[in-house]
Each structure stands twice: as C-alpha cells, then as structure tokens.
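Visitor: What follows is final01.pdb, PDB, C-alpha atoms and all ligand atoms.
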ATOM      1  CA  MET T 426      35.571  10.437 -16.869
ATOM      2  CA  THR T 427      38.969  11.722 -15.753
ATOM      3  CA  LYS T 428      40.582  10.863 -12.471
ATOM      4  CA  THR T 429      41.441  13.575  -9.989
ATOM      5  CA  HIS T 430      44.788  13.857  -8.240
ATOM      6  CA  ASN T 431      43.810  11.442  -5.457
ATOM      7  CA  GLY T 432      42.660   8.816  -7.938
ATOM      8  CA  LEU T 433      38.941   9.360  -7.414
ATOM      9  CA  ASN T 434      36.675  10.663 -10.129
ATOM     10  CA  GLU T 435      33.447  12.513  -9.293
ATOM     11  CA  THR T 436      31.326   9.335  -9.319
ATOM     12  CA  LEU T 437      33.660   7.533  -6.920
ATOM     13  CA  LYS T 438      33.858  10.589  -4.682
ATOM     14  CA  THR T 439      30.069  10.606  -4.479
ATOM     15  CA  ILE T 440      29.957   6.905  -3.613
ATOM     16  CA  PHE T 441      32.712   7.208  -1.012
ATOM     17  CA  SER T 442      30.931  10.126   0.654
ATOM     18  CA  LEU T 443      27.617   8.290   1.132
ATOM     19  CA  ARG T 444      26.424   8.214   4.749
ATOM     20  CA  SER T 445      23.132   7.881   6.512
ATOM     21  CA  ILE T 446      21.452  11.027   7.812
ATOM     22  CA  ARG T 447      18.770  10.807  10.487
ATOM     23  CA  ASN T 448      18.043  14.510  11.140
ATOM     24  CA  TYR T 449      16.752  16.682   8.345
ATOM     25  CA  SER T 450      16.428  20.450   7.891
ATOM     26  CA  GLU T 451      13.400  22.239   6.441
ATOM     27  CA  LYS T 452      15.263  22.831   3.171
ATOM     28  CA  GLU T 453      13.208  21.691   0.208
ATOM     29  CA  ILE T 454      14.296  19.330  -2.517
ATOM     30  CA  SER T 455      13.184  20.978  -5.750
ATOM     31  CA  LYS T 456      10.849  19.253  -8.209
ATOM     32  CA  GLU T 457      13.653  19.203 -10.770
ATOM     33  CA  GLU T 458      16.054  17.514  -8.358
ATOM     34  CA  LEU T 459      13.476  14.953  -7.291
ATOM     35  CA  ASN T 460      12.707  14.253 -10.902
ATOM     36  CA  LEU T 461      16.401  13.713 -11.672
ATOM     37  CA  ILE T 462      16.744  11.314  -8.743
ATOM     38  CA  ILE T 463      13.782   9.288  -9.967
ATOM     39  CA  ARG T 464      14.994   9.301 -13.559
ATOM     40  CA  ALA T 465      18.390   8.060 -12.395
ATOM     41  CA  SER T 466      16.789   5.448 -10.142
ATOM     42  CA  VAL T 467      14.877   3.797 -12.972
ATOM     43  CA  ARG T 468      18.055   3.627 -15.070
ATOM     44  CA  ALA T 469      19.257   0.762 -12.856
ATOM     45  CA  ALA T 470      19.558  -2.649 -14.469
ATOM     46  CA  ASN T 471      16.392  -4.735 -14.388
ATOM     47  CA  ALA T 472      15.535  -8.293 -15.308
ATOM     48  CA  SER T 473      13.698  -8.936 -18.601
ATOM     49  CA  GLY T 474      12.980  -5.229 -19.031
ATOM     50  CA  ARG T 475      10.187  -5.586 -16.499
ATOM     51  CA  GLN T 476      11.291  -3.036 -13.874
ATOM     52  CA  SER T 477       9.466  -5.157 -11.341
ATOM     53  CA  TYR T 478       8.966  -2.375  -8.835
ATOM     54  CA  SER T 479       6.834   0.608  -7.957
ATOM     55  CA  ILE T 480       8.241   3.678  -6.305
ATOM     56  CA  ILE T 481       5.861   5.651  -4.094
ATOM     57  CA  VAL T 482       7.002   9.276  -3.980
ATOM     58  CA  VAL T 483       6.019  10.732  -0.628
ATOM     59  CA  ASP T 484       5.615  14.386   0.357
ATOM     60  CA  ASP T 485       2.729  13.933   2.799
ATOM     61  CA  LYS T 486       4.004  15.302   6.136
ATOM     62  CA  HIS T 487       2.217  12.676   8.197
ATOM     63  CA  LEU T 488       3.706   9.806   6.171
ATOM     64  CA  LEU T 489       7.121  11.472   6.152
ATOM     65  CA  LYS T 490       7.034  11.650   9.935
ATOM     66  CA  LYS T 491       5.729   8.134  10.350
ATOM     67  CA  TYR T 492       8.050   6.294   7.971
ATOM     68  CA  PHE T 493      10.782   8.650   6.733
ATOM     69  CA  TYR T 494      12.418  10.274   9.769
ATOM     70  CA  ALA T 495      10.605  13.547   8.919
ATOM     71  CA  ALA T 496      12.820  13.960   5.855
ATOM     72  CA  ASN T 497      11.823  16.384   3.117
ATOM     73  CA  LYS T 498      10.785  13.651   0.681
ATOM     74  CA  GLY T 499      10.480   9.892   0.816
ATOM     75  CA  LEU T 500      10.646   7.126  -1.742
ATOM     76  CA  LEU T 501       9.074   3.796  -0.872
ATOM     77  CA  PHE T 502      10.479   1.020  -3.038
ATOM     78  CA  CYS T 503       8.117  -1.916  -3.507
ATOM     79  CA  VAL T 504       8.700  -5.051  -5.478
ATOM     80  CA  ASP T 505       5.648  -5.022  -7.739
ATOM     81  CA  PHE T 506       4.399  -7.140 -10.635
ATOM     82  CA  ASN T 507       0.894  -5.650 -10.920
ATOM     83  CA  ARG T 508       1.665  -3.421 -13.884
ATOM     84  CA  ILE T 509       2.982  -6.285 -16.012
ATOM     85  CA  ILE T 510       0.155  -8.592 -14.884
ATOM     86  CA  ASP T 511      -2.511  -5.981 -15.700
ATOM     87  CA  ALA T 512      -1.003  -5.402 -19.141
ATOM     88  CA  ALA T 513      -1.027  -9.164 -19.716
ATOM     89  CA  LYS T 514      -4.703  -9.395 -18.777
ATOM     90  CA  TYR T 515      -5.527  -6.404 -20.963
ATOM     91  CA  LEU T 516      -3.943  -8.185 -23.934
ATOM     92  CA  SER T 517      -5.638 -11.472 -22.969
ATOM     93  CA  HIS T 518      -2.403 -13.150 -21.967
ATOM     94  CA  THR T 519      -1.644 -14.876 -18.744
ATOM     95  CA  PHE T 520       1.407 -13.895 -16.789
ATOM     96  CA  ALA T 521       2.059 -15.595 -13.502
ATOM     97  CA  SER T 522       4.513 -14.214 -10.992
ATOM     98  CA  ASN T 523       3.412 -16.564  -8.262
ATOM     99  CA  ASN T 524       6.785 -17.896  -7.284
ATOM    100  CA  LEU T 525       9.700 -17.112  -5.077
ATOM    101  CA  ARG T 526      12.072 -16.726  -7.995
ATOM    102  CA  PHE T 527      10.060 -13.771  -9.302
ATOM    103  CA  PHE T 528      10.076 -12.306  -5.829
ATOM    104  CA  ILE T 529      13.851 -12.564  -5.635
ATOM    105  CA  THR T 530      14.426 -11.203  -9.137
ATOM    106  CA  GLY T 531      11.899  -8.399  -8.591
ATOM    107  CA  SER T 532      13.496  -7.549  -5.253
ATOM    108  CA  THR T 533      16.865  -7.312  -6.985
ATOM    109  CA  ASP T 534      15.437  -4.851  -9.549
ATOM    110  CA  THR T 535      13.902  -2.872  -6.705
ATOM    111  CA  ILE T 536      17.019  -2.617  -4.558
ATOM    112  CA  LEU T 537      19.217  -1.665  -7.509
ATOM    113  CA  ALA T 538      16.800   1.188  -8.260
ATOM    114  CA  ALA T 539      16.825   2.247  -4.605
ATOM    115  CA  GLN T 540      20.611   2.394  -4.288
ATOM    116  CA  THR T 541      20.865   4.233  -7.603
ATOM    117  CA  ALA T 542      18.449   6.842  -6.213
ATOM    118  CA  ALA T 543      20.620   7.290  -3.114
ATOM    119  CA  ILE T 544      23.753   7.788  -5.223
ATOM    120  CA  ALA T 545      21.979  10.197  -7.576
ATOM    121  CA  ALA T 546      20.697  12.190  -4.594
ATOM    122  CA  LYS T 547      24.166  12.406  -3.064
ATOM    123  CA  SER T 548      25.598  13.595  -6.385
ATOM    124  CA  LEU T 549      23.157  16.528  -6.114
ATOM    125  CA  GLY T 550      24.201  17.211  -2.502
ATOM    126  CA  ILE T 551      21.045  15.599  -1.100
ATOM    127  CA  ASP T 552      21.369  13.309   1.912
ATOM    128  CA  SER T 553      19.523  10.087   2.514
ATOM    129  CA  LEU T 554      18.751   7.219   4.839
ATOM    130  CA  PHE T 555      17.527   3.740   4.053
ATOM    131  CA  THR T 556      15.067   2.471   6.617
ATOM    132  CA  ASN T 557      12.952  -0.615   7.030
ATOM    133  CA  SER T 558      10.479   1.419   9.084
ATOM    134  CA  VAL T 559       7.711  -0.131   6.976
ATOM    135  CA  HIS T 560       8.564  -3.531   8.422
ATOM    136  CA  ARG T 561       8.329  -2.276  11.999
ATOM    137  CA  GLU T 562       4.774  -1.042  11.474
ATOM    138  CA  GLU T 563       1.947  -3.556  11.119
ATOM    139  CA  LEU T 564       2.131  -4.544   7.480
ATOM    140  CA  ASN T 565      -1.612  -4.270   6.808
ATOM    141  CA  VAL T 566      -1.395  -0.654   8.048
ATOM    142  CA  VAL T 567       1.497  -0.021   5.647
ATOM    143  CA  TYR T 568      -0.543  -1.435   2.764
ATOM    144  CA  GLU T 569      -3.422   0.854   3.757
ATOM    145  CA  ASP T 570      -1.261   3.943   4.274
ATOM    146  CA  PHE T 571       0.201   3.703   0.774
ATOM    147  CA  ASN T 572      -2.781   2.056  -0.935
ATOM    148  CA  LEU T 573      -0.614  -0.874  -2.035
ATOM    149  CA  PRO T 574      -2.203  -3.837  -3.810
ATOM    150  CA  GLU T 575      -2.145  -6.880  -1.544
ATOM    151  CA  MET T 576      -1.073  -9.248  -4.262
ATOM    152  CA  TYR T 577       2.262  -9.255  -6.070
ATOM    153  CA  CYS T 578       3.438  -6.134  -4.293
ATOM    154  CA  PHE T 579       5.621  -5.931  -1.203
ATOM    155  CA  PRO T 580       7.218  -2.833   0.347
ATOM    156  CA  LEU T 581      10.948  -3.544   0.536
ATOM    157  CA  ILE T 582      12.703  -0.398   1.677
ATOM    158  CA  ALA T 583      12.056   3.276   2.368
ATOM    159  CA  LEU T 584      14.526   5.946   1.298
ATOM    160  CA  CYS T 585      14.455   9.248   3.184
ATOM    161  CA  LEU T 586      15.727  12.258   1.236
ATOM    162  CA  GLY T 587      16.624  15.727   2.413
ATOM    163  CA  TYR T 588      19.345  17.977   3.723
ATOM    164  CA  ALA T 589      21.124  17.153   6.966
ATOM    165  CA  SER T 590      20.396  19.391   9.942
ATOM    166  CA  LYS T 591      22.911  17.447  12.014
ATOM    167  CA  LYS T 592      25.911  15.890  10.350
ATOM    168  CA  PRO T 593      27.648  12.794  11.680
ATOM    169  CA  LYS T 594      31.142  13.387  13.071
ATOM    170  CA  TYR T 595      32.687  10.673  10.940
ATOM    171  CA  LEU T 596      31.950   8.306   8.078
ATOM    172  CA  LYS T 597      30.997   4.818   9.144
ATOM    173  CA  GLY T 598      33.551   2.177   8.185
ATOM    174  CA  ARG T 599      33.052  -1.126   6.459
ATOM    175  CA  LEU T 600      34.550  -4.600   6.556
ATOM    176  CA  LYS T 601      36.556  -4.570   3.363
ATOM    177  CA  ASN T 602      38.136  -7.923   2.761
ATOM    178  CA  LEU T 603      38.136 -10.637   5.390
ATOM    179  CA  GLY T 604      35.059 -12.820   5.048
ATOM    180  CA  VAL T 605      33.402 -10.302   2.731
ATOM    181  CA  ILE T 606      35.400 -10.639  -0.474
ATOM    182  CA  HIS T 607      36.104 -14.171  -1.653
ATOM    183  CA  PHE T 608      38.331 -15.087  -4.568
ATOM    184  CA  ASN T 609      36.986 -17.737  -6.905
ATOM    185  CA  LYS T 610      35.724 -19.908  -4.061
ATOM    186  CA  TYR T 611      33.935 -19.206  -0.829
ATOM    187  CA  HIS T 612      36.297 -19.046   2.134
ATOM    188  CA  ARG T 613      34.967 -19.742   5.617
ATOM    189  CA  LEU T 614      36.798 -17.822   8.339
ATOM    190  CA  SER T 615      39.224 -19.704  10.565
ATOM    191  CA  GLN T 616      39.234 -19.048  14.323
ATOM    192  CA  GLN T 617      42.281 -16.834  13.903
ATOM    193  CA  GLU T 618      40.529 -14.860  11.196
ATOM    194  CA  LEU T 619      37.427 -14.599  13.379
ATOM    195  CA  ASP T 620      39.680 -13.014  16.040
ATOM    196  CA  THR T 621      40.799 -10.444  13.480
ATOM    197  CA  LEU T 622      37.173  -9.805  12.528
ATOM    198  CA  ILE T 623      36.194  -9.263  16.181
ATOM    199  CA  GLN T 624      39.110  -6.822  16.556
ATOM    200  CA  GLU T 625      37.992  -4.918  13.477
ATOM    201  CA  TYR T 626      34.611  -4.334  15.106
ATOM    202  CA  ASP T 627      36.306  -3.388  18.380
ATOM    203  CA  ASP T 628      38.521  -0.791  16.697
ATOM    204  CA  LYS T 629      36.727   2.462  17.507
ATOM    205  CA  GLU T 630      38.651   4.320  14.833
ATOM    206  CA  LYS T 631      37.121   2.128  12.137
ATOM    207  CA  HIS T 632      33.503   2.808  13.153
ATOM    208  CA  ILE T 633      32.288  -0.405  11.597
ATOM    209  CA  GLY T 634      29.531  -1.257  14.065
ATOM    210  CA  LEU T 635      26.522   0.704  15.221
ATOM    211  CA  SER T 636      28.647   3.103  17.193
ATOM    212  CA  TRP T 637      25.941   5.135  18.892
ATOM    213  CA  GLU T 638      26.122   2.640  21.769
ATOM    214  CA  SER T 639      29.214   2.873  23.939
ATOM    215  CA  TRP T 640      29.439  -0.856  24.429
ATOM    216  CA  LYS T 641      32.719  -0.625  26.321
ATOM    217  CA  GLU T 642      31.230   1.622  29.019
ATOM    218  CA  MET T 643      28.456  -0.942  29.393
ATOM    219  CA  GLY T 644      31.070  -3.499  30.403
ATOM    220  CA  PHE T 645      31.210  -5.612  27.253
ATOM    221  CA  LYS T 646      34.533  -7.125  26.236
ATOM    222  CA  HIS T 647      33.812  -6.886  22.542
ATOM    223  CA  TYR T 648      31.462  -4.836  20.358
ATOM    224  CA  LEU T 649      30.015  -8.092  19.051
ATOM    225  CA  ASP T 650      29.207  -9.214  22.637
ATOM    226  CA  TRP T 651      26.999  -6.121  22.877
ATOM    227  CA  PHE T 652      25.641  -6.702  19.382
ATOM    228  CA  TYR T 653      24.552 -10.286  19.996
ATOM    229  CA  THR T 654      23.156  -9.778  23.489
ATOM    230  CA  ARG T 655      21.738  -6.232  23.457
ATOM    231  CA  TRP T 656      21.124  -5.220  19.877
ATOM    232  CA  SER T 657      19.986  -8.413  18.173
ATOM    233  CA  GLN T 658      16.746  -8.864  20.060
ATOM    234  CA  GLU T 659      14.679 -11.810  19.032
ATOM    235  CA  ILE T 660      11.815 -10.692  16.795
ATOM    236  CA  PRO T 661       8.512 -11.610  18.507
ATOM    237  CA  LYS T 662       6.825 -14.672  17.021
ATOM    238  CA  GLU T 663       3.613 -12.706  16.321
ATOM    239  CA  LYS T 664       5.570 -10.168  14.269
ATOM    240  CA  LEU T 665       7.203 -12.929  12.250
ATOM    241  CA  GLN T 666       3.816 -14.569  11.691
ATOM    242  CA  GLU T 667       2.370 -11.246  10.529
ATOM    243  CA  PHE T 668       5.297 -10.833   8.138
ATOM    244  CA  HIS T 669       4.896 -14.331   6.779
ATOM    245  CA  LEU T 670       1.154 -13.837   6.328
ATOM    246  CA  ALA T 671       1.641 -10.568   4.433
ATOM    247  CA  LEU T 672       4.191 -12.260   2.162
ATOM    248  CA  LYS T 673       1.823 -15.163   1.649
ATOM    249  CA  LYS T 674      -0.956 -12.747   0.678
ATOM    250  CA  THR T 675       1.289 -11.303  -2.043
ATOM    251  CA  GLY T 676       1.082 -14.659  -3.783
ATOM    252  CA  PHE T 677       4.842 -14.842  -4.352
ATOM    253  CA  ILE T 678       5.476 -17.679  -1.969
ATOM    254  CA  ASP T 679       2.367 -19.784  -2.383
ATOM    255  CA  PRO T 680       2.025 -21.736  -5.640
ATOM    256  CA  GLU T 681      -1.752 -21.980  -5.194
ATOM    257  CA  TRP T 682      -2.168 -18.313  -6.035
ATOM    258  CA  TYR T 683      -2.264 -17.417  -9.714
ATOM    259  CA  CYS T 684      -2.498 -13.963 -11.149
ATOM    260  CA  ASN T 685      -5.213 -14.912 -13.635
ATOM    261  CA  LYS T 686      -7.509 -16.572 -11.113
TER     262      LYS T 686
HETATM  263  C1  LIG T 701      17.915  -2.417   4.945
HETATM  264  C2  LIG T 701      18.372  -1.256   5.795
HETATM  265  C3  LIG T 701      17.577  -0.824   6.828
HETATM  266  C4  LIG T 701      17.983   0.238   7.625
HETATM  267  N1  LIG T 701      17.129   0.699   8.590
HETATM  268  C5  LIG T 701      17.514   1.744   9.356
HETATM  269  C6  LIG T 701      16.607   2.277  10.306
HETATM  270  O1  LIG T 701      15.451   1.852  10.417
HETATM  271  N2  LIG T 701      17.042   3.293  11.086
HETATM  272  C7  LIG T 701      18.300   3.828  10.967
HETATM  273  O2  LIG T 701      18.634   4.740  11.716
HETATM  274  N3  LIG T 701      19.168   3.359  10.033
HETATM  275  C8  LIG T 701      18.800   2.349   9.221
HETATM  276  N4  LIG T 701      19.643   1.893   8.234
HETATM  277  C9  LIG T 701      20.925   2.588   8.005
HETATM  278  C10 LIG T 701      22.114   1.803   8.542
HETATM  279  O3  LIG T 701      22.086   1.848   9.966
HETATM  280  C11 LIG T 701      23.398   2.438   7.988
HETATM  281  O4  LIG T 701      23.407   2.297   6.603
HETATM  282  C12 LIG T 701      24.633   1.783   8.580
HETATM  283  O5  LIG T 701      24.714   2.017   9.964
HETATM  284  C13 LIG T 701      25.908   2.314   7.918
HETATM  285  O6  LIG T 701      26.007   3.701   8.089
HETATM  286  P1  LIG T 701      26.212   4.669   6.851
HETATM  287  O7  LIG T 701      25.071   4.445   5.898
HETATM  288  O8  LIG T 701      26.203   6.060   7.446
HETATM  289  O9  LIG T 701      27.523   4.337   6.226
HETATM  290  C14 LIG T 701      19.249   0.866   7.402
HETATM  291  C15 LIG T 701      20.033   0.442   6.322
HETATM  292  C16 LIG T 701      19.597  -0.591   5.501
HETATM  293  C17 LIG T 701      20.445  -1.000   4.327
END
Please re-express this file's structure in structure tokens.
Guide:
Amino acid sequence: MTKTHNGLNETLKTIFSLRSIRNYSEKEISKEELNLIIRASVRAANASGRQSYSIIVVDDKHLLKKYFYAANKGLLFCVDFNRIIDAAKYLSHTFASNNLRFFITGSTDTILAAQTAAIAAKSLGIDSLFTNSVHREELNVVYEDFNLPEMYCFPLIALCLGYASKKPKYLKGRLKNLGVIHFNKYHRLSQQELDTLIQEYDDKEKHIGLSWESWKEMGFKHYLDWFYTRWSQEIPKEKLQEFHLALKKTGFIDPEWYCNK
C-alpha cells in the first residue's frame, strides 16, 4: 500500500480517524456492509484456530435501545467455547475449557475480532462505539436477552454501529509515550514524570480525559482529582458479587466444573 503525501496510507488514516459516536441517525447499514464488517472481524488472529468467540448480530430495536445507544446495528462480542466443546462431544472427545487461561486466551481472540470490526466499519464510513452496557445490566438478564449459554460463554463488549447524527467537535487524545510505552523493561514513573502525566491530562487541548465534564469549573485543581473523586465511583459490593457469580457459572474460573460432566 502506498503512502500519501502526509505519510499516512488509507489504513492508517482510518485508524487515526477512529472516534466514539454516541448519537446515531436513522441511516441504515446495508446487509452487504454489515457482512463485510463481520467477515473482516473474523479475520483477526485467534489462538489455536479456535476463534473462541460468538458474535451476536443485533437489529432488534428494543435491544439496540437497551444496550447499543440506539445505533443502527449492534454486535455483541462474547468469549465462547461452546462450539468447540459441542464438536468435541459430537466426536466423542473431551475438551475442557474450565480454566482461567482459556478465558484469557478466548477473551483476547474476542477483543481482537471486536477492534477489527470497528476498524472495518470506519473504513466503510460507518461509526461505532464500544460499550460495556452489558455489564451495567444484571448479568442474568443479559444472558436471557441474548439467549447466551450460561457455561463457557461470557459477554465481553458491545459494539454499536451506525452513522453519526451528532459529530464530536474534536478527536480524543491519547497518552502516547510516558508510562504507556516501555522499552525492553518496564519503567515505573518517577514523581517528576507523574507530574508530567498529570499535566497531560490537565491540558485541555489534548483531550485525553473524559472531557464532557468541566472539572475546572467544578473547582478541581487537576482533571485526575475529578477523575478519582467524582468519576471513579466504587462499584457496589452486590454488583461485584453478581459479576463474580456469573463468571463462576461460566465454569472458566472454577476447576470443579468440567465441560464433559
Ligand atoms: C471497554 C470499553 C467500554 C466503554 N464503555 C462506554 C460506555 O458505556 N459509554 C460510552 O459513552 N463510552 C464507552 N466507551 C468509549 C470510551 O469512552 C472512548 O473510547 C474513550 O473516551 C476515547 O474516546 P474515542 O473512542 O472517541 O477516542 C467504552 C470504551 C471501551 C474500550
């Protein structure tokens, strides 16, 4: 692929133009486009050729409203080993995915597929938003809403797809080097470097934080003061217990559960 005059080829331009959209127009994503996005998504690398995920394609208006910011289409990415377990049973083999390592590897497959879908969509001019809306709802309701198997399947992330009705005024920034990129060995930030980091968040031109809150007007010295005290609310214990229970039910984190039981 050739580079353009500013050094960016079409793929890089697509990646650099990614941004989250939270308001969607009525404009439809065509079947062909959706199909291309899904085909691209499943091209992502995956461990042991297992593609340890299921993608629920959503066009049900109620579900779109509930979980996908009323976007035109939604993709729910779930780490999922049921297909490979069922095939094993069918062939009279045993295949156990009852461990955390499978969960981590499967989650990696799943997230790679999800991000690939977002990039593919953007390359077609289709906007997106990742949301963990499924984790805010009661998890047993989520399992019911999407008919997910309780075992060896866990909804990881929802991807909203559609065309923006309201565009953001600017692209959100990112931390680029300090404390993010490490060379050869992990480098813990010094106090001086932490000062630089705090300033990066405070720099309104960089738009690194969640900038829809005007933290300065609220009297905070630093963006991160607002972030730690106002944004990062403690998750209620009951919610954490519910989350843990749902994960336990999947069988990934409890060695007593075996797929062939
Ligand atoms: C795991 C994950 C969960 C997210 N959940 C939400 C969400 O529930 N609501 C929302 O408005 N944005 C959500 N986002 C989007 C982020 O807020 C957004 O990516 C970030 O602010 C950077 O903005 P940008 O994507 O426009 O560059 C989520 C992103 C990720 C990766």
Visitor: Compile the contact shell of region 529-537 of chain T as a VMD selection string: residues with an atom at most 6 Å away, counting all atoms listed in the file, same-chain residues fewer than 2 positions apart removed.
Guide: chain T and resid 469 471 477 to 478 504 526 to 527 539 to 540
Visitor: Step by step, work through what the PyMOL selection byres (((chain T and resi 576) around 7) and not hetatm) selects in the shown file, and finish by giving those residues as a ChimeraX atom specification.
Guide: /T:574-575,577-578,674-676
Visitor: Which polymer residues have any atom within 8 Å of an atom of Glu563 (chain T), counting only C-alpha atoms, with same-chain residues fewer than 4 positions away left out, as number ranges by chain?
Guide: T: 559, 567, 667
Visitor: Just say which residues the PyMOL selection byres (((not hetatm)) within 12 of (chain T and resi 701)) picks in this file, as a ChimeraX atom specification.
Guide: /T:440-448,491-494,502,536-537,539-540,543-544,552-562,580-585,592-600,631-638
Visitor: Give the answer as one residue: which of T:Ser450, T:Thr519, T:Thr436, T:Thr541 has the shortest atom-to-atom distance to Ala495 (chain T), using only C-alpha atoms?
Guide: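 Going through T:Ser450, T:Thr519, T:Thr436, T:Thr541 one by one, the smallest distance to Ala495 (chain T) is for T:Ser450.
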Visitor: Considering all atoms listed in the file, state which residue in the set T:Asp511, T:Ile462, T:Asn524, T:Leu614 is at the smallest distance from Asn602 (chain T).
Guide: T:Leu614
Visitor: How far is it from CA of Ile480 (chain T) to CA of Leu500 (chain T), in Å with one decimal?
Guide: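 Taking CA of Ile480 (chain T) as the start and CA of Leu500 (chain T) as the end point, the length is 6.2 Å.
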Visitor: Find the spatial neighbours of Ala545 (chain T), counting all atoms listed in the file, within a cut-off of 9 Å - ignore same-chain residues fewer than 3 positions away - and output them as a PyMOL selection string.
Guide: chain T and resi 439+461-463+465-466+540-542+548-551
Visitor: Would you mind exporting the chosen residues as a compact mmCIF listing (two decimals), keeping the file's coordinate frame, restricted to C-alpha atoms?
Guide:
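The resulting part24.txt:
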# COMPACT_ATOMS: atom_id res chain seq x y z
CA THR T 439 30.07 10.61 -4.48
CA LEU T 461 16.40 13.71 -11.67
CA ILE T 462 16.74 11.31 -8.74
CA ILE T 463 13.78 9.29 -9.97
CA ALA T 465 18.39 8.06 -12.40
CA SER T 466 16.79 5.45 -10.14
CA GLN T 540 20.61 2.39 -4.29
CA THR T 541 20.86 4.23 -7.60
CA ALA T 542 18.45 6.84 -6.21
CA SER T 548 25.60 13.60 -6.38
CA LEU T 549 23.16 16.53 -6.11
CA GLY T 550 24.20 17.21 -2.50
CA ILE T 551 21.04 15.60 -1.10
Visitor: Which polymer residues, protein or nucleic acid, are no farther than 12 Å from (25.9, -8.5, 17.9), counting only C-alpha atoms, as a list in words?
Guide: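 The answer, in the requested form, is Ile623, Tyr626, Asp627, Gly634, Leu635, Ser636, Glu638, Trp640, Phe645, His647, Tyr648, Leu649, Asp650, Trp651, Phe652, Tyr653, Thr654, Arg655, Trp656, Ser657, Gln658 and Glu659 of chain T.
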Visitor: Name the closest residue to Ser455 (chain T) among the candidates T:Leu488, T:Ser479, T:Asn565, T:Tyr588; distances are taken between atoms, counting only C-alpha atoms.
Guide: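 For Ser455 (chain T), the nearest of the candidates is T:Tyr588.
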Visitor: Can you measure CA of Lys452 (chain T) to CA of Asn572 (chain T) for me? One decimal in Å is fine.
Guide: 27.8 Å
Visitor: Using only C-alpha atoms, which of the listed residues (T:Gly432, T:Phe520, T:Ala512, T:Phe571) sits closest to Leu489 (chain T)?
Guide: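 Checking each of T:Gly432, T:Phe520, T:Ala512, T:Phe571 against Leu489 (chain T), counting only C-alpha atoms, the winner is T:Phe571.
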Visitor: Quote the spacing between CA of Ile678 (chain T) and CA of Leu525 (chain T) in Å to one decimal place.
Guide: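 Interatomic distance, CA of Ile678 (chain T) to CA of Leu525 (chain T): 5.3 Å.
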Visitor: Which residue out of T:Lys547, T:Ile510, T:Asp485, T:Leu437 has the minimum interatomic distance to Gly587 (chain T) when all atoms listed in the file are used?
Guide: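 Selected residue with least distance to Gly587 (chain T): T:Lys547.
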Visitor: Point out the residue among T:Ala589, T:Val605, T:Ala538, T:Leu564 with the least atom-to-atom distance to Val467 (chain T), counting all atoms listed in the file.
Guide: T:Ala538
Visitor: As an mmCIF file, keeping the file's coordinate frame, could you write out region 442-457 of chain T once it has been completed with N, CA and C atoms?
Guide:
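Output file selection-v9.cif is given in full below:
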data_model
loop_
_atom_site.group_PDB
_atom_site.id
_atom_site.type_symbol
_atom_site.label_atom_id
_atom_site.label_comp_id
_atom_site.auth_asym_id
_atom_site.auth_seq_id
_atom_site.Cartn_x
_atom_site.Cartn_y
_atom_site.Cartn_z
ATOM 1 N N SER T 442 31.420 9.163 -0.348
ATOM 2 C CA SER T 442 30.931 10.126 0.654
ATOM 3 C C SER T 442 29.521 9.782 1.158
ATOM 4 N N LEU T 443 28.963 8.676 0.673
ATOM 5 C CA LEU T 443 27.617 8.290 1.132
ATOM 6 C C LEU T 443 27.615 8.026 2.632
ATOM 7 N N ARG T 444 26.626 8.552 3.323
ATOM 8 C CA ARG T 444 26.424 8.214 4.749
ATOM 9 C C ARG T 444 24.991 8.481 5.110
ATOM 10 N N SER T 445 24.532 7.761 6.112
ATOM 11 C CA SER T 445 23.132 7.881 6.512
ATOM 12 C C SER T 445 22.913 9.140 7.347
ATOM 13 N N ILE T 446 21.819 9.828 7.051
ATOM 14 C CA ILE T 446 21.452 11.027 7.812
ATOM 15 C C ILE T 446 20.083 10.790 8.449
ATOM 16 N N ARG T 447 20.018 11.086 9.744
ATOM 17 C CA ARG T 447 18.770 10.807 10.487
ATOM 18 C C ARG T 447 18.052 12.065 10.961
ATOM 19 N N ASN T 448 18.674 13.236 10.749
ATOM 20 C CA ASN T 448 18.043 14.510 11.140
ATOM 21 C C ASN T 448 18.062 15.440 9.939
ATOM 22 N N TYR T 449 16.871 15.895 9.571
ATOM 23 C CA TYR T 449 16.752 16.682 8.345
ATOM 24 C C TYR T 449 16.303 18.117 8.611
ATOM 25 N N SER T 450 16.835 19.045 7.781
ATOM 26 C CA SER T 450 16.428 20.450 7.891
ATOM 27 C C SER T 450 15.131 20.660 7.099
ATOM 28 N N GLU T 451 14.637 21.893 7.166
ATOM 29 C CA GLU T 451 13.400 22.239 6.441
ATOM 30 C C GLU T 451 13.655 22.441 4.952
ATOM 31 N N LYS T 452 14.929 22.502 4.564
ATOM 32 C CA LYS T 452 15.263 22.831 3.171
ATOM 33 C C LYS T 452 14.600 21.868 2.189
ATOM 34 N N GLU T 453 13.990 22.469 1.182
ATOM 35 C CA GLU T 453 13.208 21.691 0.208
ATOM 36 C C GLU T 453 14.088 21.076 -0.880
ATOM 37 N N ILE T 454 13.736 19.902 -1.290
ATOM 38 C CA ILE T 454 14.296 19.330 -2.517
ATOM 39 C C ILE T 454 13.411 19.851 -3.649
ATOM 40 N N SER T 455 14.024 20.414 -4.674
ATOM 41 C CA SER T 455 13.184 20.978 -5.750
ATOM 42 C C SER T 455 12.571 19.851 -6.583
ATOM 43 N N LYS T 456 11.516 20.230 -7.317
ATOM 44 C CA LYS T 456 10.849 19.253 -8.209
ATOM 45 C C LYS T 456 11.835 18.706 -9.229
ATOM 46 N N GLU T 457 12.684 19.607 -9.743
ATOM 47 C CA GLU T 457 13.653 19.203 -10.770
ATOM 48 C C GLU T 457 14.631 18.174 -10.203
#
